[in-house]
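**Student:** Below are the structure tokens for one structure; questions will follow.
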Number of protein chains: 4
Amino acid sequence: MANGLLEGKTGIIFGALDDKSIAWKVAEQAVAQGAKIVLTNAPVALRFGGIHELGEKLNAEVIAADATNMEDLENLLDKSMEILGGPMDFMLHSIGMSLNVRKKRTYTDVNYDWMHKTFDISAMSFHRLMQLAMQKDAMKEWGSILALTYIAAQRVFPDYSEMAESKALLESFARSFGYHWAVKKNVRVNTVSQSPTPTTAGSGVKGFQTFLDYADKMSPLGNASAEDCANYCVAMFSDLTRMVTMQNLFHDGGFSNTGMNPEVLGMEE
Amino acid sequence: MANGLLEGKTGIIFGALDDKSIAWKVAEQAVAQGAKIVLTNAPVALRFGGIHELGEKLNAEVIAADATNMEDLENLLDKSMEILGGPMDFMLHSIGMSLNVRKKRTYTDVNYDWMHKTFDISAMSFHRLMQLAMQKDAMKEWGSILALTYIAAQRVFPDYSEMAESKALLESFARSFGYHWAVKKNVRVNTVSQSPTPTTAGSGVKGFQTFLDYADKMSPLGNASAEDCANYCVAMFSDLTRMVTMQNLFHDGGFSNTGMNPEVLGMEE
Amino acid sequence: MANGLLEGKTGIIFGALDDKSIAWKVAEQAVAQGAKIVLTNAPVALRFGGIHELGEKLNAEVIAADATNMEDLENLLDKSMEILGGPMDFMLHSIGMSLNVRKKRTYTDVNYDWMHKTFDISAMSFHRLMQLAMQKDAMKEWGSILALTYIAAQRVFPDYSEMAESKALLESFARSFGYHWAVKKNVRVNTVSQSPTPTTAGSGVKGFQTFLDYADKMSPLGNASAEDCANYCVAMFSDLTRMVTMQNLFHDGGFSNTGMNPEVLGMEE
Amino acid sequence: MANGLLEGKTGIIFGALDDKSIAWKVAEQAVAQGAKIVLTNAPVALRFGGIHELGEKLNAEVIAADATNMEDLENLLDKSMEILGGPMDFMLHSIGMSLNVRKKRTYTDVNYDWMHKTFDISAMSFHRLMQLAMQKDAMKEWGSILALTYIAAQRVFPDYSEMAESKALLESFARSFGYHWAVKKNVRVNTVSQSPTPTTAGSGVKGFQTFLDYADKMSPLGNASAEDCANYCVAMFSDLTRMVTMQNLFHDGGFSNTGMNPEVLGMEE
């Protein structure tokens with residue numbers, strides 16, 4: 001679909017690594033719908049992923065930024081406004097990483113310095129971005145800010161470990177800052193709680209394929225794909241959804257409200 | 001906005017009474033986005049409202065149907081499929097009426113026959129519609145079914161009386177039937193929990209203007225209007241939101257997640 | 001445990017059928033904790049169950065009442081106040097039955113007259129009871145009213161069928177009437193959302209043993225038993241919980257907040 | 001009330017400062033119900049508050065511990081087990097402090113080092129405590145761990161600032177660690193979401209009296225007091241509630257499920 005839904009709109013998209021990334025698909029869809037965007041990711045991600053290729057394809061500049069570093073974020077916002085011609089219409093935060101998971105520390109034996117770092121990368125980066133964007137007046141009236149999250153913020157998936165808390169934090173930042181953005185500039189802030197998605201990042205989590213299969217069977221419509229998520233983000237960036245704010249929006253094929261699916265238990269329905 | 005988002009899609013819209021109705025706005029927006037629709041409402045509503053005028057404007061047939069009557073609903077579905085050329089892509093349920101409220105019986109002194117009737121009109125009609133539509137195979141794959149609801153299903157607003165239970169029922173039907181529709185035809189079913197809206201129907205509720213003002217002040221973006229709601233329904237009917245199902249979606253300017261807004265208390269922030 | 005927690009308190013307990021019933025266990029525990037109670041159930045249940053034996057054991061009168069019949073409920077309240085010496089401290093509603101399930105009509109092919117009857121028995125009976133109790137001033141200040149419910153009110157368990165809606169209704173009645181009871185007499189009203197429990201009634205539901213096993217594995221503490229539930233109800237009737245009202249309280253070994261338990265999938269943790 | 005509900009049980013209570021503290025009341029109630037306890041608080045709080053006086057009254061040792069310091073927590077657990085004769089039955093976490101609020105930085109202009117510190121004090125301290133307690137096997141089978149929280153974790157109260165996120169974190173830790181405790185030792189972990197309470201700590205928050213009055217009017221039963229909360233904590237420590245885990249329990253006079261109370265708006269009902 002390409003309906004010009006984002007015609008004339010501009011935005012920043014965080015977190016595109018390779019063509020499995022949700023952010024990658026969002027970038028493609030946003031541009032297909034008429035938006036002009038800037039792509040950003042951490043310096044190390046820029047080196048290993050294919051984001052420059054994506055930037056060329058979409059005619060989008062790529063600006064490196066460590067999302068836990070205020071100077072980097074300032075530079076990103078300043079340059080983006082220069083490139084995009086002023087305040088923006090949308091931003092996508094798609095950043096998450098757990099040091100304790102990566103370093104194989106179990107949830108009942110975490111390193112707290114790493115936990116601080118995990119929260120900073122995966123959640124506080126969202127507050128940092130919004131705080132700077134507000135101070136720099138980097139968003140247009142009725143703009144839309146989104147972050148990607150996961151239902152582990154509400155329910156326990158043991159292997160998700162401290163990312164559960166990261167997502168709980170992230171969703172709370174969306175609500176709290178959503179209030180301030182609404183009052184100040186009618187900007188909305190929401191989180192999209194996406195099905196587990198076979199991205200390169202997600203695949204690193206222990207037992208991830210089990211997550212995927214279980215969630216797919218449990219979800220009456222099956223798991224939502226990265227492409228589906230990109231379509232949904234486009235809807236949330238468009239003017240069709242201007243009065244939705246401070247919400248956590250499940251985009252998950254019905255997983256969140258299914259208590260038991262006979263398919264999971266190998267039963268005939 | 002008119003982006004052809006619903007080009008080639010067909011649907012039925014319940015509940016347009018006059019130009020203050022949310023359903024009226026949805027009908028206008030759906031057609032503006034390329035959809036072909038059938039309008040329906042109860043026989044009595046057809047006599048008093050302006051729906052025929054809307055039908056002419058939108059080139060949409062108007063079919064009378066009492067949503068608690070299976071023959072009427074059968075006739076509606078049969079004729080609609082004839083007119084629209086087969087199974088449909090979307091349906092909007094926007095029906096609600098409380099006999100006890102209308103007849104000024106307080107919540108602690110209700111008439112239970114009236115309560116049964118209220119539930120039938122306001123909630124069971126949604127199940128009736130979906131049951132018949134499934135039996136008649138009246139929905140296309142990846143179709144979208146919506147019903148309008150209110151946050152009284154989650155929290156107490158004393159004057160809303162038994163409509164609270166009606167909406168709780170309605171939302172539960174959306175979840176339960178959403179499971180069956182997903183498994184059978186990949187159709188999604190959701191409820192939109194809308195800000196209080198100054199429709200002709202809503203205005204009948206005691207203290208309604210107080211509701212409106214309070215909700216408007218409490219909501220960081222203010223109350224969502226009927227037009228805003230129509231836009232959101234278009235997004236939910238479009239292919240951008242295919243993996244969202246069995247959800248209750250707050251379209252309320254942030255009311256639902258605001259605990260206290262200093263504006264309500266006349267405080268400076 | 002018997003700590004005299006309910007010493008001096010009186011109440012009515014609905015729904016004890018046989019010694020597998022949760023209500024049966026609540027009756028035993030309430031009396032063990034010092035309460036004086038009246039037992040009630042539908043006339044047909046009185047004939048088939050062992051409630052008279054329980055009444056003798058607990059020195060409690062048994063009064064037949066069809067909970068959908070206002071005269072029966074009036075008689076029950078009048079007689080209970082006579083027996084118990086005036087207004088009461090607590091009531092337990094443990095009533096549920098689905099005609100469509102019993103008569104093997106699937107959720108997508110229900111009979112709507114039966115659905116009305118199901119709602120009346122399983123949910124409206126709770127409103128009827130509270131409406132009459134308020135009109136007769138049958139509750140003491142700071143009393144406690146409980147109803148038993150199930151998580152199908154929030155999430156879909158396909159075989160639970162229209163009982164999902166019955167429980168959604170029931171929980172909404174608890175919230176709505178809870179407001180009015182609080183304002184009028186500082187009485188609290190809550191629902192206890194219990195693990196699936198192998199009662200004689202529950203066992204009739206299709207696939208019930210599968211429910212039980214799945215829920216038991218999914219719940220980090222395992223399923224809560226009828227005895228556990230009775231203990232929890234005692235806590236909710238006691239003066240220790242006077243400020244908890246209008247809540248749906250999960251008593252389920254953690255099921256409700258567990259997204260995936262590796263045990264369900266036969267995985268090692 | 002003193003029913004010996006906690007007879008033979010032992011536990012640690014964090015956060016008693018003076019006789020307005022909820023933790024102070026919990027300590028008094030727990031001992032009145034037969035428990036033997038250890039009291040703890042940060043070194044600075046020990047100097048300024050009256051905790052030693054409380055310790056003498058309750059025959060409870062007072063052990064200083066900075067809850068963000070692993071050595072302090074280790075010492076606390078080791079000494080407590082020595083004093084109390086081995087693993088414990090309950091723990092109460094009642095700790096919260098926001099550096100940005102204290103230093104008058106608004107939510108849209110926070111200092112991120114202070115935010116890290118706020119999270120560490122107010123939420124990560126709970127994980128630290130549970131991680132050490134699990135490693136030291138400091139809890140008995142079927143023990144109960146509680147933390148106090150506030151509804152700002154779910155809804156925005158602008159002046160609560162980054163404490164909203166602290167509480168969202170805290171509640172997520174309760175769920176996640178609750179899973180691990182249940183699987184390992186049948187220990188339950190819950191949070192009690194208490195009405196705003198006029199403690200010495202709470203009073204420091206801007207506009208706090210407004211919070212109090214608004215919440216009191218909005219809550220059908222009025223605000224729950226510190227004494228009420230202590231009673232509820234006793235119920236949650238007792239064996240009556242063994243199957244409740246990973247829950248956030250609203251103890252708030254009905255505030256959380258009240259959408260609008262006519263009293264707030266000065267309306268007659």
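By convention here, the chains of the structure tokens are called A, B, ... in the order presented, each chain's residues are numbered starting at 1, and ligands are numbered starting at 1 in the order presented.
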Enumerate as an MDAnalysis selection string the residues belonging to chain B that approach chain A to within 9 Å, with only C-alpha atoms taken into account.

**Tutor:** chainID B and resid 1:5 175:176 178:183 186:188 219:225 228:236 239:247 249:258

**Student:** Give me every alpha helix (DSSP H) residue in stretch 59-242 of chain B, going by DSSP on the backbone, as a PyMOL selection string.

**Tutor:** chain B and resi 70-84+99-102+112-119+125-135+163-185+208-218+226-237

**Student:** With DSSP run on the backbone, what are the strand (DSSP E or B) residues within stretch 97-193 of chain A? I'd like them as number ranges by chain.

**Tutor:** A: 139-149, 156, 188-193

**Student:** Could you list, with a cut-off of 12 Å and counting only C-alpha atoms, the residues of stretch 93-178 of chain A near stretch 147-164 of chain D, each shown with its nearest atom pair and the distance in Å rounded to one decimal, rows sorted by chain and ascending number, as a Markdown table?

**Tutor:**
| residue | atom | partner | partner_atom | distance |
| --- | --- | --- | --- | --- |
| A:Met124 | CA | D:Glu162 | CA | 11.1 |
| A:His127 | CA | D:Glu162 | CA | 10.5 |
| A:Ala153 | CA | D:Gln154 | CA | 11.8 |
| A:Gln154 | CA | D:Gln154 | CA | 11.1 |
| A:Ala168 | CA | D:Ala153 | CA | 9.2 |
| A:Leu169 | CA | D:Ala164 | CA | 9.1 |
| A:Leu170 | CA | D:Ala164 | CA | 11.4 |
| A:Glu171 | CA | D:Gln154 | CA | 9.5 |
| A:Ser172 | CA | D:Ala153 | CA | 6.9 |
| A:Phe173 | CA | D:Ala164 | CA | 8.5 |
| A:Ala174 | CA | D:Val156 | CA | 10.2 |
| A:Arg175 | CA | D:Val156 | CA | 6.6 |
| A:Ser176 | CA | D:Val156 | CA | 5.7 |
| A:Phe177 | CA | D:Val156 | CA | 9.1 |
| A:Gly178 | CA | D:Val156 | CA | 9.1 |
